[in-house]
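S.K.: The following file, coords15.cif, comprises mmCIF, C-alpha atoms:
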data_my_file
loop_
_atom_site.label_atom_id
_atom_site.label_comp_id
_atom_site.auth_asym_id
_atom_site.auth_seq_id
_atom_site.Cartn_x
_atom_site.Cartn_y
_atom_site.Cartn_z
CA MET A 35 -17.00 107.91 -40.84
CA ARG A 36 -17.47 111.27 -42.50
CA ILE A 37 -17.68 113.78 -39.68
CA ARG A 38 -19.11 116.46 -41.95
CA THR A 39 -22.24 114.49 -42.72
CA GLN A 40 -22.81 113.74 -39.03
CA LEU A 41 -22.50 117.41 -38.09
CA SER A 42 -25.11 118.59 -40.45
CA ILE A 43 -27.66 118.40 -37.70
CA ALA A 44 -26.38 121.36 -36.06
CA CYS A 45 -28.27 123.32 -38.58
CA VAL A 46 -31.17 125.46 -37.72
CA ALA A 47 -30.37 128.28 -35.33
CA ILE A 48 -31.98 131.51 -36.54
CA LEU A 49 -34.01 134.29 -35.00
CA ALA A 50 -36.92 136.41 -36.13
CA GLY A 51 -36.14 139.39 -38.34
CA ALA A 52 -37.94 142.28 -39.99
CA LEU A 53 -40.47 141.35 -42.61
CA ALA A 54 -39.93 142.60 -46.13
CA ALA A 55 -42.35 145.21 -47.37
CA ALA A 56 -43.99 143.05 -50.03
CA PRO A 57 -46.79 140.68 -49.00
CA LEU A 58 -45.41 137.20 -48.39
CA ALA A 59 -47.54 135.72 -51.13
CA ALA A 60 -45.81 138.02 -53.61
CA GLN A 61 -42.29 137.77 -52.27
CA SER A 62 -39.48 136.56 -54.48
CA ALA A 63 -37.01 133.88 -53.43
CA ASP A 64 -34.46 136.67 -52.90
CA ALA A 65 -36.79 138.48 -50.51
CA THR A 66 -37.45 135.28 -48.57
CA LEU A 67 -33.73 134.60 -48.27
CA ASP A 68 -33.05 138.16 -47.13
CA ARG A 69 -35.59 137.75 -44.32
CA ALA A 70 -33.86 134.58 -43.15
CA VAL A 71 -30.40 136.17 -43.34
CA SER A 72 -31.52 139.16 -41.27
CA ALA A 73 -33.10 136.89 -38.69
CA TYR A 74 -30.07 134.63 -38.44
CA ALA A 75 -27.69 137.55 -37.82
CA THR A 76 -29.34 138.26 -34.45
CA VAL A 77 -28.89 134.79 -32.93
CA LYS A 78 -26.74 134.43 -29.82
CA THR A 79 -28.05 131.22 -28.27
CA SER A 80 -30.71 128.69 -29.23
CA ARG A 81 -32.37 125.47 -28.16
CA ILE A 82 -33.95 123.55 -31.01
CA SER A 83 -35.79 120.24 -31.16
CA PHE A 84 -35.58 118.56 -34.55
CA THR A 85 -36.27 115.47 -36.58
CA GLN A 86 -34.01 114.23 -39.35
CA ARG A 87 -34.43 111.83 -42.23
CA ILE A 88 -31.69 110.60 -44.56
CA ASP A 89 -32.70 108.86 -47.78
CA ASN A 90 -29.96 107.02 -49.66
CA PRO A 91 -30.94 105.94 -53.18
CA LEU A 92 -27.69 103.99 -53.54
CA THR A 93 -28.61 101.60 -50.74
CA GLY A 94 -32.37 102.03 -50.87
CA THR A 95 -32.41 102.90 -47.17
CA SER A 96 -34.08 105.61 -45.11
CA VAL A 97 -32.87 106.47 -41.61
CA SER A 98 -34.74 108.70 -39.16
CA SER A 99 -33.53 110.34 -35.95
CA ARG A 100 -34.50 113.10 -33.53
CA GLY A 101 -32.89 115.15 -30.81
CA GLU A 102 -32.13 118.60 -29.41
CA LEU A 103 -29.55 121.20 -30.36
CA GLN A 104 -28.14 123.67 -27.84
CA GLN A 105 -25.96 126.38 -29.30
CA ARG A 106 -23.95 129.39 -28.22
CA ARG A 107 -22.60 131.13 -31.27
CA PRO A 108 -20.13 131.27 -32.76
CA SER A 109 -18.35 128.08 -31.73
CA ARG A 110 -20.14 126.04 -29.07
CA PHE A 111 -22.92 123.55 -29.63
CA GLU A 112 -24.27 120.20 -28.57
CA VAL A 113 -26.46 117.84 -30.55
CA LYS A 114 -27.97 115.26 -28.21
CA PHE A 115 -29.99 112.53 -29.86
CA SER A 116 -32.99 110.91 -28.22
CA GLU A 117 -33.27 108.56 -31.20
CA PRO A 118 -30.81 106.89 -31.35
CA ALA A 119 -30.36 107.50 -27.63
CA GLY A 120 -26.80 108.12 -26.48
CA ASP A 121 -25.46 109.61 -29.70
CA ARG A 122 -23.91 113.03 -29.14
CA ILE A 123 -21.93 115.64 -31.09
CA VAL A 124 -20.22 118.46 -29.18
CA SER A 125 -18.17 121.52 -30.05
CA ASP A 126 -16.36 122.91 -27.00
CA GLY A 127 -14.96 125.93 -28.81
CA SER A 128 -11.70 124.23 -29.73
CA TRP A 129 -12.59 120.66 -30.70
CA VAL A 130 -15.50 118.85 -32.27
CA TRP A 131 -16.31 115.50 -30.66
CA VAL A 132 -18.40 112.92 -32.52
CA TYR A 133 -19.65 110.11 -30.28
CA LEU A 134 -22.08 107.73 -32.00
CA PRO A 135 -22.31 104.51 -29.99
CA SER A 136 -25.36 103.44 -32.00
CA THR A 137 -23.14 102.86 -35.04
CA ASN A 138 -19.55 103.07 -33.75
CA PRO A 139 -19.48 101.74 -30.19
CA GLY A 140 -16.32 102.11 -28.15
CA GLN A 141 -14.92 105.11 -30.01
CA VAL A 142 -15.15 108.87 -30.33
CA ILE A 143 -13.66 111.01 -33.09
CA ARG A 144 -12.10 114.35 -32.22
CA ALA A 145 -11.30 116.96 -34.86
CA LYS A 146 -9.91 120.46 -34.55
CA LEU A 147 -12.63 123.10 -34.81
CA GLY A 148 -12.33 124.91 -38.11
CA ASP A 149 -10.91 121.96 -40.03
CA PRO A 150 -12.99 121.61 -43.21
CA SER A 151 -13.28 117.85 -42.68
CA ALA A 152 -15.01 118.47 -39.35
CA GLY A 153 -17.82 120.40 -40.96
CA THR A 154 -19.23 123.53 -39.34
CA PRO A 155 -20.65 123.78 -35.82
CA ASP A 156 -23.38 126.05 -37.15
CA PHE A 157 -25.01 124.28 -40.08
CA ALA A 158 -27.09 127.31 -41.01
CA ALA A 159 -24.02 129.55 -41.27
CA GLN A 160 -22.92 128.18 -44.64
CA PHE A 161 -26.34 129.01 -46.08
CA LEU A 162 -27.18 132.26 -44.31
CA GLU A 163 -23.85 134.09 -43.99
CA SER A 164 -23.22 135.84 -47.32
CA PRO A 165 -25.13 133.12 -49.18
CA ARG A 166 -24.87 134.77 -52.58
CA SER A 167 -21.09 134.43 -52.45
CA ASN A 168 -21.43 130.67 -52.62
CA TYR A 169 -24.87 130.00 -54.05
CA THR A 170 -27.17 131.06 -56.85
CA VAL A 171 -30.68 131.77 -55.57
CA THR A 172 -33.48 130.19 -57.54
CA GLY A 173 -37.23 130.09 -57.11
CA GLY A 174 -39.12 128.50 -54.30
CA ALA A 175 -42.78 128.09 -53.44
CA ALA A 176 -45.28 128.50 -50.64
CA ALA A 177 -45.75 125.40 -48.49
CA THR A 178 -47.38 124.41 -45.21
CA ILE A 179 -45.24 122.34 -42.84
CA ASP A 180 -47.04 120.87 -39.83
CA GLY A 181 -49.49 123.76 -39.87
CA SER A 182 -46.87 126.49 -40.37
CA ALA A 183 -47.00 128.67 -43.49
CA THR A 184 -43.59 128.89 -45.15
CA HIS A 185 -41.84 129.92 -48.34
CA SER A 186 -38.94 127.94 -49.73
CA VAL A 187 -35.70 129.04 -51.36
CA VAL A 188 -33.54 126.82 -53.57
CA LEU A 189 -29.76 127.36 -53.51
CA LYS A 190 -27.43 126.04 -56.21
CA PRO A 191 -23.71 125.95 -55.32
CA LYS A 192 -21.43 128.02 -57.51
CA SER A 193 -18.42 125.79 -56.81
CA THR A 194 -18.09 122.20 -57.94
CA ALA A 195 -16.20 121.56 -54.70
CA SER A 196 -19.40 121.99 -52.69
CA PRO A 197 -20.60 118.83 -50.90
CA PHE A 198 -24.12 119.66 -52.04
CA ALA A 199 -25.80 119.51 -55.42
CA THR A 200 -28.75 121.54 -54.17
CA VAL A 201 -30.04 123.05 -50.92
CA THR A 202 -33.63 123.99 -50.10
CA LEU A 203 -34.55 126.20 -47.15
CA TRP A 204 -38.10 126.65 -45.85
CA VAL A 205 -38.58 129.96 -44.02
CA ASN A 206 -41.53 130.62 -41.71
CA ASP A 207 -43.82 133.36 -42.98
CA SER A 208 -44.55 134.58 -39.45
CA ASP A 209 -41.10 135.03 -37.95
CA ALA A 210 -38.43 134.30 -40.62
CA LEU A 211 -37.12 131.26 -38.75
CA LEU A 212 -35.88 128.27 -40.67
CA ARG A 213 -38.54 125.57 -40.49
CA ARG A 214 -36.81 122.96 -42.62
CA VAL A 215 -33.49 122.41 -44.41
CA GLU A 216 -32.96 119.83 -47.13
CA THR A 217 -29.64 119.03 -48.79
CA VAL A 218 -28.96 116.70 -51.70
CA ASP A 219 -25.39 115.60 -52.39
CA GLY A 220 -23.82 114.53 -55.66
CA SER A 221 -24.84 110.91 -55.10
CA GLY A 222 -28.47 111.82 -54.55
CA VAL A 223 -28.42 111.28 -50.78
CA THR A 224 -31.09 113.55 -49.29
CA ARG A 225 -30.94 114.87 -45.73
CA GLN A 226 -34.02 116.65 -44.42
CA ILE A 227 -34.01 118.38 -41.03
CA THR A 228 -37.30 119.71 -39.65
CA VAL A 229 -37.55 122.01 -36.63
CA THR A 230 -40.27 120.93 -34.20
CA HIS A 231 -39.54 123.53 -31.51
CA PHE A 232 -37.34 126.63 -31.51
CA ALA A 233 -36.41 128.67 -28.42
CA ARG A 234 -34.52 131.73 -29.54
CA ASN A 235 -31.84 133.28 -27.33
CA ALA A 236 -32.88 130.85 -24.63
CA PRO A 237 -30.68 129.92 -21.65
CA VAL A 238 -28.31 127.06 -22.49
CA ASP A 239 -26.46 124.62 -20.25
CA ALA A 240 -22.72 125.29 -19.98
CA SER A 241 -22.20 121.58 -19.33
CA ALA A 242 -23.67 120.79 -22.74
CA PHE A 243 -20.51 122.14 -24.39
CA VAL A 244 -18.15 119.85 -22.47
CA PHE A 245 -17.28 116.35 -23.65
CA LYS A 246 -15.52 113.71 -21.58
CA ALA A 247 -14.96 110.34 -23.19
CA PRO A 248 -16.70 107.57 -21.24
CA ASN A 249 -14.54 104.93 -19.61
CA GLY A 250 -13.32 102.37 -22.10
CA VAL A 251 -14.03 104.57 -25.14
CA LYS A 252 -11.02 105.19 -27.39
CA VAL A 253 -10.44 108.65 -28.84
CA PHE A 254 -9.40 108.80 -32.50
CA GLU A 255 -7.96 112.02 -33.89
CA GLY A 256 -9.60 113.44 -36.98
CA PRO A 257 -7.64 115.45 -39.55
CA THR A 258 -6.03 118.53 -38.00
CA ASP A 259 -3.81 119.82 -40.83
#
Here is the file; what I need is its structure written in the form of structure tokens.

M.R.:
Amino acid sequence: MRIRTQLSIACVAILAGALAAAPLAAQSADATLDRAVSAYATVKTSRISFTQRIDNPLTGTSVSSRGELQQRRPSRFEVKFSEPAGDRIVSDGSWVWVYLPSTNPGQVIRAKLGDPSAGTPDFAAQFLESPRSNYTVTGGAAATIDGSATHSVVLKPKSTASPFATVTLWVNDSDALLRRVETVDGSGVTRQITVTHFARNAPVDASAFVFKAPNGVKVFEGPTD
């Protein structure tokens, strides 16, 4: 199992920021990205409901899921799936735990936080913390997502080592929150995460950031070097 691809849910934790001076209809992709970066920098905690769809052209399959993210930046988060129920990904500040009984019953994978193979606990960080260091910003377009007016930004990785071929972010016009994130990898696999509810700097449950392997579940160590 590739832990990085499973962790990509933990995306979308950003907060409202100051609007750029130009009218949104006239804003460039750079201006849209700057709004999102400013908003993201203010996040401390978040609770986010999301849906996810993964389309794999190699297998001709499409898989959908949904759940809730609780996050306390910079290093604690929980992704708790309601579909498929029981699947859970947790960062306790030291370790990332990936427990997916829907596809890998009887096991949990534990990887040291910060190991590249474990992905990042904050999916949005790699796109909204100094994004121009790693990506070239290209044009986007206005779009309406479930009644919300947004502008998109397309990011092209500068490094061939990136796991993504392209990344598209949709930023709410009203509050600069991420509304949707879509990544496409080198094989054409598309992952689209859509925020259905965002509670910024909301209270989070301390117990959400604790993982205890259920009885009978074997713990496998992920790469730690």

S.K.: Considering all atoms listed in the file, return as JSON, numbers by chain whatever protein or nucleic-acid residues lie within 8 Å of Thr217 in chain A, sequence-local ones (same chain, fewer than 2 positions apart) excluded.

M.R.: {"A": [198, 199, 200, 201, 202, 215, 219, 224, 225, 226]}

S.K.: Mind pulling up the distance from CA of Val130 in chain A to CA of Gly256 in chain A?

M.R.: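 The value is 9.3 Å.
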
S.K.: Residues near range 248-254 of chain A, anyone? I mean within 10 Å using all atoms listed in the file, not counting same-chain ones fewer than 2 positions away, as a list in words.

M.R.: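 So, after excluding close chain neighbours, the residues are Trp131, Val132, Tyr133, Pro135, Pro139, Gly140, Gln141, Val142, Ile143, Arg144, Ala145, Phe245, Lys246, Gly256 and Pro257 of chain A.
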
S.K.: Using all atoms listed in the file, which protein or nucleic acid residues come within 6 Å of Ile227 in chain A? Drop anything in the same chain fewer than 6 positions from it, and give the result as a list in words.

M.R.: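 Result of the neighbour search: Thr85, Gln86, Arg214 and Val215 of chain A.
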
S.K.: Using only C-alpha atoms, pick whichever of A:Leu203, A:Ala75, A:Ala70, A:Ala195 has the shortest atom-to-atom distance to Ala175 in chain A.

M.R.: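 Closest candidate: A:Leu203.
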
S.K.: Report the distance between CA of Phe111 in chain A and CA of Ser193 in chain A in Å, rounded to one decimal place.

M.R.: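 If I compute the distance from CA of Phe111 in chain A to CA of Ser193 in chain A, I get 27.6 Å.
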
S.K.: Pull out every residue that the PyMOL selection byres ((chain A and resi 107) around 8) matches in the shown coordinates and put them as a PyMOL selection string.

M.R.: chain A and resi 77-79+105-106+108-111+156

S.K.: Which residue, A:Arg69, A:Lys114, A:Arg122, A:Arg100, has the smallest gap to Ala247 in chain A when you use all atoms listed in the file?

M.R.: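 Closest to Ala247 in chain A, using all atoms listed in the file: A:Arg122.
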
S.K.: Counting only C-alpha atoms, which residue out of A:Val244, A:Ile88, A:Val205, A:Ile82 sits closest to Gly101 in chain A?

M.R.: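 Checking each of A:Val244, A:Ile88, A:Val205, A:Ile82 against Gly101 in chain A, counting only C-alpha atoms, the winner is A:Ile82.
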
S.K.: Work out how far CA of Ser182 in chain A is from CA of Ile123 in chain A, in Å to one decimal.

M.R.: 28.7 Å

S.K.: So which one's closest to Ala233 in chain A, A:Ser128, A:Gln104, A:Ser62, A:Ser98? Using only C-alpha atoms, please.

M.R.: A:Gln104

S.K.: Suppose a student applies the PyMOL selection byres ((chain A and resi 177) around 12) to this structure; what residues should they get, written as JSON, numbers by chain?

M.R.: {"A": [58, 59, 174, 175, 176, 178, 179, 180, 181, 182, 183, 184, 185, 186, 187, 203, 204, 205, 206, 207, 213, 214]}

S.K.: Between A:Leu212, A:Asn235, A:Val124, A:Gln61, which one has atoms that come closest to Ala158 in chain A, using all atoms listed in the file?

M.R.: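 Going through A:Leu212, A:Asn235, A:Val124, A:Gln61 one by one, the smallest distance to Ala158 in chain A is for A:Leu212.
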
S.K.: From the set A:Gly222, A:Leu189, A:Tyr74, A:Thr66, which residue has the shortest atom-to-atom contact distance to Gly94 in chain A, counting all atoms listed in the file?

M.R.: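 Once distances to Gly94 in chain A are computed over all atoms listed in the file, the minimum belongs to A:Gly222.
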
S.K.: For a quick check of your reading of the model, name the residues lying within 6 Å of the coordinate (-35.3, 133.4, -55.8), counting all atoms listed in the file, and write them as an NGL selection string.

M.R.: :A and (62-64 or 171-173)

S.K.: Within 10 Å of Arg166 in chain A, counting only C-alpha atoms, which residues qualify if same-chain residues fewer than 4 places away don't, as a JSON list (two decimals) with C-alpha atoms, in the frame of the given file?

M.R.:
[["chain", "number", "residue", "atom", "x", "y", "z"],
["A", 64, "ASP", "CA", -34.46, 136.67, -52.90],
["A", 67, "LEU", "CA", -33.73, 134.60, -48.27],
["A", 161, "PHE", "CA", -26.34, 129.01, -46.08],
["A", 162, "LEU", "CA", -27.18, 132.26, -44.31],
["A", 170, "THR", "CA", -27.17, 131.06, -56.85],
["A", 171, "VAL", "CA", -30.68, 131.77, -55.57],
["A", 189, "LEU", "CA", -29.76, 127.36, -53.51],
["A", 190, "LYS", "CA", -27.43, 126.04, -56.21],
["A", 191, "PRO", "CA", -23.71, 125.95, -55.32],
["A", 192, "LYS", "CA", -21.43, 128.02, -57.51]]
